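Printed here is work_18.tsv (TSV, C-alpha atoms):
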chain	number	residue	atom	x	y	z
A	179	MET	CA	-17.55	-14.55	7.39
A	180	THR	CA	-14.21	-16.04	6.42
A	181	ALA	CA	-13.33	-16.77	10.06
A	182	PHE	CA	-16.78	-18.26	10.70
A	183	GLY	CA	-16.46	-20.50	7.66
A	184	ALA	CA	-12.99	-21.63	8.73
A	185	LEU	CA	-14.21	-22.48	12.24
A	186	ALA	CA	-17.17	-24.40	10.79
A	187	LEU	CA	-14.85	-26.49	8.58
A	188	ILE	CA	-12.49	-27.15	11.50
A	189	TYR	CA	-15.41	-28.40	13.57
A	190	TRP	CA	-16.81	-30.46	10.68
A	191	TYR	CA	-13.51	-32.28	10.18
A	192	ARG	CA	-12.58	-32.32	13.88
A	193	ASP	CA	-12.09	-36.11	13.87
A	194	CYS	CA	-10.84	-36.50	10.32
A	195	ASP	CA	-7.57	-34.92	9.31
A	196	LEU	CA	-7.89	-34.85	5.53
A	197	ALA	CA	-4.19	-34.29	4.89
A	198	LEU	CA	-3.23	-37.10	7.27
A	199	SER	CA	-5.68	-39.48	5.62
A	200	GLY	CA	-4.43	-38.63	2.14
A	201	ALA	CA	-7.70	-37.16	0.86
A	202	ILE	CA	-5.98	-33.86	0.08
A	203	SER	CA	-2.34	-32.98	-0.40
A	204	SER	CA	-2.53	-29.48	1.14
A	205	TYR	CA	-4.80	-27.77	3.64
A	206	ASP	CA	-5.52	-25.13	0.98
A	207	GLN	CA	-7.75	-27.76	-0.66
A	208	VAL	CA	-10.16	-28.14	2.26
A	209	VAL	CA	-12.85	-25.81	0.88
A	210	PRO	CA	-12.97	-27.34	-2.65
A	211	TYR	CA	-12.96	-30.81	-1.10
A	212	PHE	CA	-15.89	-29.95	1.19
A	213	LEU	CA	-17.77	-28.41	-1.74
A	214	ARG	CA	-17.27	-31.51	-3.88
A	215	GLU	CA	-18.05	-34.09	-1.21
A	216	ARG	CA	-20.88	-32.43	0.73
A	217	LEU	CA	-22.50	-29.78	-1.47
A	218	SER	CA	-22.27	-31.32	-4.93
A	219	ASP	CA	-25.92	-32.45	-4.82
A	220	VAL	CA	-27.30	-29.04	-3.81
A	221	THR	CA	-28.64	-27.19	-6.84
A	222	MET	CA	-26.68	-24.10	-7.99
A	223	VAL	CA	-24.25	-24.09	-5.03
A	224	ARG	CA	-21.22	-25.05	-7.10
A	225	GLY	CA	-22.16	-22.53	-9.80
A	226	LEU	CA	-22.61	-19.73	-7.25
A	227	PHE	CA	-19.30	-20.67	-5.59
A	228	LEU	CA	-17.39	-20.56	-8.88
A	229	ALA	CA	-19.13	-17.34	-9.96
A	230	GLY	CA	-18.27	-15.64	-6.67
A	231	LEU	CA	-14.70	-16.88	-6.79
A	232	LEU	CA	-14.22	-15.70	-10.38
A	233	SER	CA	-15.83	-12.29	-9.85
A	234	ALA	CA	-13.92	-11.59	-6.64
A	235	SER	CA	-10.62	-12.64	-8.21
A	236	THR	CA	-11.23	-10.63	-11.39
A	237	SER	CA	-12.18	-7.43	-9.56
A	238	THR	CA	-9.20	-7.67	-7.20
A	239	VAL	CA	-6.67	-8.56	-9.89
A	240	SER	CA	-7.88	-5.85	-12.28
A	241	SER	CA	-7.60	-3.19	-9.57
A	242	ILE	CA	-4.10	-4.32	-8.62
A	243	VAL	CA	-2.93	-4.48	-12.25
A	244	ASN	CA	-4.25	-0.99	-13.02
A	245	SER	CA	-2.76	0.50	-9.84
A	246	HIS	CA	0.61	-1.12	-10.54
A	247	ALA	CA	0.69	0.25	-14.06
A	248	ALA	CA	-0.42	3.75	-13.03
A	249	THR	CA	2.02	3.98	-10.13
A	250	PHE	CA	4.96	2.75	-12.23
A	251	TYR	CA	4.13	5.16	-15.04
A	252	ILE	CA	3.61	8.25	-12.84
A	253	ASP	CA	6.55	7.73	-10.48
A	254	ILE	CA	9.17	6.19	-12.78
A	255	VAL	CA	8.36	6.69	-16.47
A	256	SER	CA	6.69	10.12	-16.80
A	257	PRO	CA	9.27	12.19	-14.81
A	258	TYR	CA	12.09	11.10	-17.15
A	259	VAL	CA	10.41	10.34	-20.49
A	260	ASP	CA	8.39	12.89	-22.44
A	261	MET	CA	5.77	11.21	-24.62
A	262	SER	CA	2.51	11.99	-26.31
A	263	GLU	CA	-0.88	11.01	-24.92
A	264	SER	CA	-1.37	8.16	-27.39
A	265	THR	CA	2.08	6.78	-26.62
A	266	ALA	CA	1.38	7.00	-22.90
A	267	VAL	CA	-1.77	4.92	-23.38
A	268	HIS	CA	0.21	2.17	-25.11
A	269	VAL	CA	2.88	2.27	-22.42
A	270	MET	CA	0.23	1.96	-19.71
A	271	ARG	CA	-1.25	-1.07	-21.47
A	272	LEU	CA	2.16	-2.71	-21.73
A	273	LEU	CA	2.82	-2.05	-18.05
A	274	ALA	CA	-0.56	-3.54	-17.14
A	275	MET	CA	0.15	-6.62	-19.25
A	276	ALA	CA	3.57	-7.02	-17.60
A	277	SER	CA	2.03	-6.75	-14.13
A	278	GLY	CA	-0.65	-9.30	-14.99
A	279	THR	CA	1.95	-11.66	-16.46
A	280	ILE	CA	4.08	-11.50	-13.31
A	281	MET	CA	1.04	-12.15	-11.11
A	282	THR	CA	-0.03	-15.09	-13.30
A	283	LEU	CA	3.44	-16.66	-13.18
A	284	PHE	CA	3.50	-16.23	-9.43
A	285	ALA	CA	0.08	-17.90	-9.10
A	286	VAL	CA	1.30	-20.83	-11.20
A	287	ALA	CA	4.43	-21.17	-9.05
A	288	VAL	CA	2.62	-21.10	-5.69
A	289	PRO	CA	1.69	-24.82	-5.65
A	290	TYR	CA	5.34	-25.72	-6.14
A	291	VAL	CA	6.72	-23.58	-3.30
A	292	GLY	CA	4.32	-24.61	-0.55
A	293	SER	CA	1.10	-23.40	0.97
A	294	ALA	CA	-0.45	-20.28	-0.56
A	295	THR	CA	-1.12	-18.92	2.92
A	296	ARG	CA	2.51	-19.28	3.99
A	297	VAL	CA	3.75	-17.67	0.77
A	298	PHE	CA	1.36	-14.74	1.23
A	299	ILE	CA	2.35	-14.26	4.87
A	300	SER	CA	6.06	-14.42	4.05
A	301	LEU	CA	5.84	-11.82	1.27
A	302	TYR	CA	3.53	-9.60	3.31
A	303	SER	CA	5.88	-9.70	6.29
A	304	SER	CA	8.83	-8.96	4.01
A	305	ALA	CA	7.21	-5.74	2.80
A	306	ALA	CA	5.45	-4.73	6.03
A	307	GLY	CA	8.61	-4.35	8.11
A	308	PRO	CA	10.54	-1.92	5.84
A	309	PHE	CA	7.49	0.20	5.05
A	310	ALA	CA	6.47	0.43	8.70
A	311	GLY	CA	10.00	1.60	9.48
A	312	LEU	CA	9.76	4.12	6.63
A	313	ILE	CA	6.55	5.60	8.08
A	314	LEU	CA	8.08	5.82	11.56
A	315	LEU	CA	11.11	7.62	10.12
A	316	ALA	CA	8.84	10.10	8.35
A	317	ILE	CA	6.89	11.11	11.46
A	318	SER	CA	9.65	10.91	14.08
A	319	SER	CA	13.01	11.89	12.56
A	320	PRO	CA	13.31	15.36	11.00
A	321	TRP	CA	16.98	14.75	10.18
A	322	VAL	CA	16.16	11.91	7.77
A	323	ASN	CA	16.15	12.83	4.09
A	324	ALA	CA	14.57	11.08	1.12
A	325	LYS	CA	17.84	9.64	-0.17
A	326	GLY	CA	18.80	7.93	3.09
A	327	ALA	CA	15.29	6.61	3.76
A	328	ALA	CA	14.89	5.27	0.21
A	329	TRP	CA	18.22	3.43	0.19
A	330	ALA	CA	17.53	1.95	3.63
A	331	CYS	CA	14.08	0.75	2.61
A	332	LEU	CA	15.36	-0.78	-0.66
A	333	LEU	CA	18.22	-2.61	1.06
A	334	VAL	CA	15.99	-4.01	3.80
A	335	CYS	CA	13.35	-5.04	1.24
A	336	ALA	CA	16.04	-6.93	-0.69
A	337	LEU	CA	17.18	-8.59	2.53
A	338	GLN	CA	13.62	-9.55	3.43
A	339	LEU	CA	12.95	-10.93	-0.04
A	340	TRP	CA	16.16	-12.97	0.09
A	341	HIS	CA	15.08	-14.38	3.46
A	342	ALA	CA	11.58	-15.24	2.20
A	343	VAL	CA	12.82	-16.99	-0.95
A	344	GLY	CA	15.70	-18.72	0.80
A	345	ARG	CA	13.51	-19.93	3.64
A	346	GLY	CA	10.94	-21.27	1.20
A	347	LEU	CA	13.56	-23.21	-0.76
A	348	SER	CA	15.50	-24.44	2.27
A	349	ALA	CA	14.87	-27.55	4.34
A	350	VAL	CA	13.28	-25.67	7.24
A	351	PRO	CA	10.75	-28.00	8.89
A	352	ALA	CA	7.13	-27.03	8.52
A	353	PRO	CA	5.54	-25.33	11.53
A	354	PRO	CA	3.65	-27.65	13.88
A	355	VAL	CA	-0.04	-28.10	13.24
A	356	ILE	CA	-2.92	-29.11	15.49
A	357	ALA	CA	-2.80	-32.82	16.17
A	358	GLY	CA	-5.45	-34.56	14.09
A	359	THR	CA	-7.18	-37.93	14.19
A	360	MET	CA	-8.89	-40.15	11.63
A	361	ASP	CA	-11.62	-41.61	13.83
A	362	ARG	CA	-14.42	-40.42	11.52
A	363	CYS	CA	-12.61	-40.66	8.19
A	364	PRO	CA	-13.60	-43.14	5.48
A	365	LEU	CA	-11.66	-46.37	5.55
A	366	VAL	CA	-8.32	-46.27	3.78
A	367	THR	CA	-8.38	-48.55	0.75
A	368	ASN	CA	-4.65	-49.35	0.60
A	369	ASP	CA	-2.65	-51.28	3.16
A	370	THR	CA	-0.22	-48.47	3.92
A	371	ASP	CA	-0.49	-46.83	7.28
A	372	PRO	CA	-0.99	-43.08	6.57
A	373	THR	CA	1.01	-42.16	9.66
A	374	GLU	CA	3.98	-44.30	8.72
A	375	GLY	CA	5.57	-41.72	6.40
A	376	VAL	CA	5.06	-38.98	8.96
A	377	GLU	CA	6.74	-40.97	11.74
A	378	GLU	CA	9.65	-41.90	9.47
A	379	SER	CA	10.17	-38.32	8.35
A	380	MET	CA	10.17	-37.13	11.96
A	381	ALA	CA	12.69	-39.80	12.89
A	382	GLU	CA	15.14	-38.71	10.21
A	383	SER	CA	17.83	-36.25	11.18
A	384	LEU	CA	17.15	-32.71	10.02
A	385	PRO	CA	19.61	-31.32	7.43
A	386	TYR	CA	21.64	-28.18	8.03
A	387	VAL	CA	19.71	-24.95	7.54
A	388	PHE	CA	21.19	-21.45	7.46
A	389	PRO	CA	20.45	-19.95	10.93
A	390	LEU	CA	18.73	-16.85	9.52
A	391	TYR	CA	16.26	-19.06	7.62
A	392	ARG	CA	15.12	-20.54	10.94
A	393	LEU	CA	13.86	-17.12	12.01
A	394	SER	CA	10.10	-16.73	11.66
A	395	PHE	CA	8.56	-14.33	9.16
A	396	TYR	CA	7.02	-12.34	12.01
A	397	TRP	CA	10.39	-11.77	13.67
A	398	MET	CA	11.83	-10.76	10.31
A	399	ALA	CA	9.11	-8.12	9.95
A	400	LEU	CA	10.04	-6.60	13.32
A	401	SER	CA	13.77	-6.79	12.62
A	402	GLY	CA	13.23	-5.28	9.17
A	403	GLU	CA	11.38	-2.35	10.71
A	404	LEU	CA	14.15	-1.67	13.23
A	405	LEU	CA	16.86	-2.12	10.60
A	406	THR	CA	15.12	0.36	8.29
A	407	ILE	CA	15.03	2.96	11.06
A	408	ILE	CA	18.72	2.46	11.91
A	409	LEU	CA	19.98	2.41	8.31
A	410	GLY	CA	17.74	5.31	7.31
A	411	THR	CA	19.14	7.43	10.14
A	412	VAL	CA	22.76	6.50	9.35
A	413	PHE	CA	22.44	7.06	5.59
A	414	SER	CA	20.66	10.38	6.11
A	415	LEU	CA	23.32	11.67	8.48
A	416	LEU	CA	26.04	10.62	6.05
A	417	THR	CA	24.31	12.43	3.16
A	418	GLY	CA	23.76	15.70	5.04
A	419	GLY	CA	20.26	15.19	6.32
A	420	ALA	CA	21.02	16.96	9.60
A	421	LYS	CA	21.37	20.28	7.74
A	422	ASN	CA	17.66	20.28	6.88
A	423	THR	CA	16.39	19.34	10.32
A	424	LYS	CA	14.78	22.73	10.99
A	425	ASN	CA	13.01	22.70	7.64
A	426	ASN	CA	11.46	19.28	8.35
A	427	LEU	CA	10.13	19.96	11.84
A	428	HIS	CA	6.68	20.85	10.54
A	429	LEU	CA	6.45	17.30	9.12
A	430	THR	CA	7.27	15.68	12.47
A	431	SER	CA	4.57	14.40	14.80
A	432	VAL	CA	3.99	16.49	17.94
A	433	PRO	CA	4.56	13.62	20.43
A	434	PHE	CA	7.98	13.01	18.88
A	435	LEU	CA	8.76	16.71	19.06
A	436	ASN	CA	8.04	16.58	22.78
A	437	VAL	CA	10.52	13.73	23.09
A	438	LEU	CA	13.17	15.58	21.06
A	439	ARG	CA	12.78	18.61	23.30
A	440	ARG	CA	14.21	16.63	26.19
A	441	PHE	CA	17.59	16.26	24.49
A	442	LYS	CA	20.09	19.10	24.64
A	443	TYR	CA	21.19	18.91	21.01
A	444	SER	CA	17.65	19.30	19.66
A	445	ARG	CA	15.98	21.49	22.32
A	446	ARG	CA	16.94	24.79	20.70
A	447	ILE	CA	15.73	23.70	17.26
A	448	VAL	CA	12.35	22.57	18.58
A	449	GLN	CA	11.87	25.71	20.67
A	450	LEU	CA	12.65	27.96	17.74
A	451	HIS	CA	10.28	25.94	15.61
A	452	GLU	CA	7.50	26.57	18.12
A	453	ALA	CA	8.38	30.26	18.23
A	454	ARG	CA	8.34	30.47	14.45
A	455	THR	CA	5.02	28.62	14.28
A	456	GLN	CA	3.31	30.85	16.84
A	457	ASP	CA	4.89	34.22	15.95
A	458	GLY	CA	5.69	33.73	12.27
A	459	LYS	CA	9.41	34.49	12.74
A	460	LYS	CA	12.01	32.42	10.94
A	461	PRO	CA	15.06	31.48	13.07
A	462	SER	CA	18.53	31.70	11.62
A	463	ALA	CA	21.11	28.93	11.50
A	464	GLY	CA	23.65	30.58	13.85
A	465	HIS	CA	23.27	32.54	17.07
A	466	LEU	CA	19.89	33.99	17.92
A	467	ASP	CA	19.32	37.59	16.95
A	468	ASP	CA	17.12	40.04	18.88
A	469	GLU	CA	14.03	39.14	16.93
A	470	GLU	CA	14.45	35.45	17.61
A	471	CYS	CA	15.18	36.09	21.29
A	472	THR	CA	11.91	37.99	21.51
A	473	ALA	CA	10.04	35.11	19.87
A	474	LEU	CA	11.71	32.53	22.09
A	475	THR	CA	11.15	34.37	25.38
A	476	SER	CA	7.58	35.13	24.30
A	477	LEU	CA	7.06	31.39	23.96
A	478	PHE	CA	8.23	30.82	27.53
A	479	SER	CA	5.96	33.63	28.71
A	480	ARG	CA	2.92	31.93	27.21
A	481	LYS	CA	3.93	28.81	29.12
A	482	GLY	CA	3.75	30.69	32.45
A	483	THR	CA	7.38	31.83	32.92
A	484	GLN	CA	8.63	35.44	32.79
A	485	GLU	CA	12.24	34.55	32.12
A	486	MET	CA	14.04	31.92	30.17
A	487	PRO	CA	14.76	28.80	32.28
A	488	LYS	CA	18.33	28.37	33.45
A	489	THR	CA	18.99	25.34	31.28
A	490	ASP	CA	17.87	27.21	28.17
A	491	ALA	CA	19.62	30.40	29.26
A	492	ALA	CA	22.88	28.49	29.47
A	493	GLU	CA	22.40	27.35	25.87
A	494	HIS	CA	21.40	30.82	24.66
A	495	PRO	CA	23.53	33.35	26.60
A	496	GLU	CA	22.67	36.02	24.05
A	497	CYS	CA	19.04	35.84	25.20
A	498	ALA	CA	19.56	35.09	28.89
A	499	THR	CA	19.03	38.69	30.09
A	500	GLN	CA	16.02	39.43	27.94
A	501	VAL	CA	12.72	39.54	29.85
A	502	VAL	CA	9.26	39.80	28.38
How would this structure read if it were set down as structure tokens?
Amino acid sequence: MTAFGALALIYWYRDCDLALSGAISSYDQVVPYFLRERLSDVTMVRGLFLAGLLSASTSTVSSIVNSHAATFYIDIVSPYVDMSESTAVHVMRLLAMASGTIMTLFAVAVPYVGSATRVFISLYSSAAGPFAGLILLAISSPWVNAKGAAWACLLVCALQLWHAVGRGLSAVPAPPVIAGTMDRCPLVTNDTDPTEGVEESMAESLPYVFPLYRLSFYWMALSGELLTIILGTVFSLLTGGAKNTKNNLHLTSVPFLNVLRRFKYSRRIVQLHEARTQDGKKPSAGHLDDEECTALTSLFSRKGTQEMPKTDAAEHPECATQVV
């Protein structure tokens, strides 16, 4: 319904660019302008519009405020602070008030930093990249630990937020919009040509802008995802995440396990994981013992081979002569 309404407004004002004519100062004001100019005489429409807007905003904001307060209390406050039930209720209320205050201040600041749509897209892209990388690390990399993934995600989130704020405050030119006309607009009352300021601003030389700020939000989301994966892997390896690789294999997605099996350094770990899963035997950290050799060769037997393949036999000489 939102897309249909947007297309209807674009068609309605197809020959009258409201921002170019000076009727509105931002394209975010198109819907209120249309409501005031075209639907003001229709009974109850403005009241229904305001009631729907208020109810939708209230329900969404209340849910977000409550979830923010609950998440902050459960994950950050309660594990480290022991408090009574009555005290916890007051803390939750204070957290909810703080969340609502921050959201209100942000809503007040939006008109001063540009279009609400651009601000939303920039902040959404800033958070989407690191968290997408975090999810990919969780399902694909058994050697990544919580410490390395958390530090990588926090650093990339800080980088993305710095890019979003810096780009919004810099002199980056606005993205191009669809060329509009004023053929069907009301006559302009003043003598100033509405296109004069636009032509003059385009003729002026653009000031220097930090090169990273010229990068689009969408490219920053992709780069943030890749950077989270790289930093999460590096930090985890530096903090000993490789030692717990075997213990995290059951959390790894099967398609990624099939990819890891193709590499020599991880083939033995994945094979022993499959043997442990199917036979219930726990592999040791060093050389394979007789019990593990039996589980491993039994796995190859179920796959249609009577002996261990040569490549695997070379890696496990202690099991090379064992036949199921």
### Task
Can you pull out every residue within 12 Å of Phe309 (chain A), counting only C-alpha atoms, but drop anything in the same chain fewer than 5 positions away, and send it as a ChimeraX atom specification?
/A:302-304,314-316,327-328,330-335,338,399-400,402-407,410
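CA of Met275 (chain A) lies 21.4 Å from CA of Asp260 (chain A).
When CA of Arg439 (chain A) is paired with CA of Leu427 (chain A), their separation reads 11.8 Å.
With only C-alpha atoms as the atoms that count, the minimum distance from Leu415 (chain A) to the choices A:Gly225, A:Gly307, A:Gly326, A:Gly344 is reached by A:Gly326.
Going from CA of Ser394 (chain A) over to CA of Pro354 (chain A), you cover 12.9 Å.
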#### Entry: Polymer residues at most 10 Å from Ser245 (chain A), only C-alpha atoms, same-chain spacing of 6 or more positions, as number ranges by chain
A: 239, 251, 274, 277
### Query
With distances taken over only C-alpha atoms, which of A:Ser204, A:Leu196, A:Ser233, A:Gly418 is nearest to Pro289 (chain A)?
A:Ser204
Could region 189-201 of chain A be written out with all heavy atoms, as a PDB file, in the first residue's frame, please?
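So selection06.pdb came out as:
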ATOM      1  N   TYR A 189       2.651  10.129  -9.888  1.00  0.00           N
ATOM      2  CA  TYR A 189       1.872  10.384 -11.107  1.00  0.00           C
ATOM      3  C   TYR A 189       1.058  11.668 -10.976  1.00  0.00           C
ATOM      4  O   TYR A 189       0.901  12.416 -11.949  1.00  0.00           O
ATOM      5  CB  TYR A 189       0.953   9.193 -11.381  1.00  0.00           C
ATOM      6  CG  TYR A 189       0.122   9.356 -12.632  1.00  0.00           C
ATOM      7  CD1 TYR A 189       0.683   9.146 -13.891  1.00  0.00           C
ATOM      8  CD2 TYR A 189      -1.214   9.741 -12.556  1.00  0.00           C
ATOM      9  CE1 TYR A 189      -0.066   9.314 -15.040  1.00  0.00           C
ATOM     10  CE2 TYR A 189      -1.975   9.907 -13.699  1.00  0.00           C
ATOM     11  CZ  TYR A 189      -1.401   9.693 -14.940  1.00  0.00           C
ATOM     12  OH  TYR A 189      -2.151   9.856 -16.074  1.00  0.00           O
ATOM     13  N   TRP A 190       0.528  11.932  -9.796  1.00  0.00           N
ATOM     14  CA  TRP A 190      -0.301  13.128  -9.597  1.00  0.00           C
ATOM     15  C   TRP A 190       0.529  14.395  -9.812  1.00  0.00           C
ATOM     16  O   TRP A 190       0.052  15.346 -10.441  1.00  0.00           O
ATOM     17  CB  TRP A 190      -0.882  13.105  -8.187  1.00  0.00           C
ATOM     18  CG  TRP A 190      -1.814  14.250  -7.910  1.00  0.00           C
ATOM     19  CD1 TRP A 190      -1.485  15.482  -7.435  1.00  0.00           C
ATOM     20  CD2 TRP A 190      -3.233  14.258  -8.111  1.00  0.00           C
ATOM     21  NE1 TRP A 190      -2.595  16.273  -7.315  1.00  0.00           N
ATOM     22  CE2 TRP A 190      -3.691  15.542  -7.725  1.00  0.00           C
ATOM     23  CE3 TRP A 190      -4.148  13.325  -8.554  1.00  0.00           C
ATOM     24  CZ2 TRP A 190      -5.032  15.887  -7.781  1.00  0.00           C
ATOM     25  CZ3 TRP A 190      -5.484  13.679  -8.601  1.00  0.00           C
ATOM     26  CH2 TRP A 190      -5.910  14.952  -8.233  1.00  0.00           C
ATOM     27  N   TYR A 191       1.756  14.396  -9.317  1.00  0.00           N
ATOM     28  CA  TYR A 191       2.624  15.565  -9.458  1.00  0.00           C
ATOM     29  C   TYR A 191       3.684  15.338 -10.544  1.00  0.00           C
ATOM     30  O   TYR A 191       4.809  15.831 -10.427  1.00  0.00           O
ATOM     31  CB  TYR A 191       3.319  15.862  -8.120  1.00  0.00           C
ATOM     32  CG  TYR A 191       2.369  16.342  -7.043  1.00  0.00           C
ATOM     33  CD1 TYR A 191       2.087  15.551  -5.934  1.00  0.00           C
ATOM     34  CD2 TYR A 191       1.743  17.588  -7.139  1.00  0.00           C
ATOM     35  CE1 TYR A 191       1.216  15.985  -4.950  1.00  0.00           C
ATOM     36  CE2 TYR A 191       0.870  18.030  -6.162  1.00  0.00           C
ATOM     37  CZ  TYR A 191       0.610  17.225  -5.067  1.00  0.00           C
ATOM     38  OH  TYR A 191      -0.259  17.665  -4.097  1.00  0.00           O
ATOM     39  N   ARG A 192       3.301  14.619 -11.591  1.00  0.00           N
ATOM     40  CA  ARG A 192       4.275  14.298 -12.652  1.00  0.00           C
ATOM     41  C   ARG A 192       4.763  15.533 -13.394  1.00  0.00           C
ATOM     42  O   ARG A 192       5.883  15.549 -13.919  1.00  0.00           O
ATOM     43  CB  ARG A 192       3.656  13.304 -13.629  1.00  0.00           C
ATOM     44  CG  ARG A 192       2.419  13.828 -14.357  1.00  0.00           C
ATOM     45  CD  ARG A 192       1.702  12.713 -15.095  1.00  0.00           C
ATOM     46  NE  ARG A 192       0.540  13.182 -15.839  1.00  0.00           N
ATOM     47  CZ  ARG A 192      -0.656  13.379 -15.306  1.00  0.00           C
ATOM     48  NH1 ARG A 192      -0.833  13.171 -13.997  1.00  0.00           N
ATOM     49  NH2 ARG A 192      -1.674  13.789 -16.037  1.00  0.00           N
ATOM     50  N   ASP A 193       3.959  16.572 -13.471  1.00  0.00           N
ATOM     51  CA  ASP A 193       4.350  17.791 -14.181  1.00  0.00           C
ATOM     52  C   ASP A 193       4.442  18.984 -13.243  1.00  0.00           C
ATOM     53  O   ASP A 193       4.332  20.135 -13.674  1.00  0.00           O
ATOM     54  CB  ASP A 193       3.341  18.100 -15.302  1.00  0.00           C
ATOM     55  CG  ASP A 193       3.400  17.070 -16.417  1.00  0.00           C
ATOM     56  OD1 ASP A 193       4.502  16.551 -16.680  1.00  0.00           O
ATOM     57  OD2 ASP A 193       2.338  16.768 -17.010  1.00  0.00           O
ATOM     58  N   CYS A 194       4.639  18.705 -11.966  1.00  0.00           N
ATOM     59  CA  CYS A 194       4.801  19.789 -10.996  1.00  0.00           C
ATOM     60  C   CYS A 194       5.721  19.323  -9.891  1.00  0.00           C
ATOM     61  O   CYS A 194       5.297  18.620  -8.962  1.00  0.00           O
ATOM     62  CB  CYS A 194       3.439  20.205 -10.417  1.00  0.00           C
ATOM     63  SG  CYS A 194       3.563  21.531  -9.181  1.00  0.00           S
ATOM     64  N   ASP A 195       6.976  19.695  -9.994  1.00  0.00           N
ATOM     65  CA  ASP A 195       7.945  19.363  -8.965  1.00  0.00           C
ATOM     66  C   ASP A 195       7.766  20.347  -7.816  1.00  0.00           C
ATOM     67  O   ASP A 195       8.119  21.528  -7.925  1.00  0.00           O
ATOM     68  CB  ASP A 195       9.366  19.439  -9.533  1.00  0.00           C
ATOM     69  CG  ASP A 195      10.388  18.824  -8.610  1.00  0.00           C
ATOM     70  OD1 ASP A 195      10.318  19.081  -7.394  1.00  0.00           O
ATOM     71  OD2 ASP A 195      11.265  18.079  -9.100  1.00  0.00           O
ATOM     72  N   LEU A 196       7.214  19.856  -6.699  1.00  0.00           N
ATOM     73  CA  LEU A 196       6.876  20.742  -5.596  1.00  0.00           C
ATOM     74  C   LEU A 196       8.109  21.371  -4.960  1.00  0.00           C
ATOM     75  O   LEU A 196       8.079  22.533  -4.559  1.00  0.00           O
ATOM     76  CB  LEU A 196       6.085  19.965  -4.540  1.00  0.00           C
ATOM     77  CG  LEU A 196       4.742  19.392  -5.013  1.00  0.00           C
ATOM     78  CD1 LEU A 196       4.092  18.587  -3.901  1.00  0.00           C
ATOM     79  CD2 LEU A 196       3.809  20.514  -5.456  1.00  0.00           C
ATOM     80  N   ALA A 197       9.190  20.604  -4.849  1.00  0.00           N
ATOM     81  CA  ALA A 197      10.408  21.166  -4.270  1.00  0.00           C
ATOM     82  C   ALA A 197      11.024  22.201  -5.192  1.00  0.00           C
ATOM     83  O   ALA A 197      11.553  23.223  -4.741  1.00  0.00           O
ATOM     84  CB  ALA A 197      11.412  20.043  -3.980  1.00  0.00           C
ATOM     85  N   LEU A 198      10.976  21.964  -6.501  1.00  0.00           N
ATOM     86  CA  LEU A 198      11.527  22.915  -7.454  1.00  0.00           C
ATOM     87  C   LEU A 198      10.716  24.199  -7.506  1.00  0.00           C
ATOM     88  O   LEU A 198      11.263  25.290  -7.697  1.00  0.00           O
ATOM     89  CB  LEU A 198      11.598  22.267  -8.843  1.00  0.00           C
ATOM     90  CG  LEU A 198      12.419  22.984  -9.913  1.00  0.00           C
ATOM     91  CD1 LEU A 198      13.876  23.063  -9.499  1.00  0.00           C
ATOM     92  CD2 LEU A 198      12.279  22.273 -11.260  1.00  0.00           C
ATOM     93  N   SER A 199       9.406  24.077  -7.313  1.00  0.00           N
ATOM     94  CA  SER A 199       8.553  25.272  -7.336  1.00  0.00           C
ATOM     95  C   SER A 199       8.575  26.051  -6.028  1.00  0.00           C
ATOM     96  O   SER A 199       8.107  27.188  -5.987  1.00  0.00           O
ATOM     97  CB  SER A 199       7.112  24.868  -7.653  1.00  0.00           C
ATOM     98  OG  SER A 199       6.580  24.063  -6.614  1.00  0.00           O
ATOM     99  N   GLY A 200       9.099  25.443  -4.970  1.00  0.00           N
ATOM    100  CA  GLY A 200       9.153  26.123  -3.691  1.00  0.00           C
ATOM    101  C   GLY A 200       7.960  25.871  -2.797  1.00  0.00           C
ATOM    102  O   GLY A 200       7.865  26.456  -1.716  1.00  0.00           O
ATOM    103  N   ALA A 201       7.028  24.993  -3.209  1.00  0.00           N
ATOM    104  CA  ALA A 201       5.863  24.718  -2.377  1.00  0.00           C
ATOM    105  C   ALA A 201       6.243  23.967  -1.113  1.00  0.00           C
ATOM    106  O   ALA A 201       5.616  24.145  -0.055  1.00  0.00           O
ATOM    107  CB  ALA A 201       4.830  23.923  -3.178  1.00  0.00           C
TER     108      ALA A 201
END
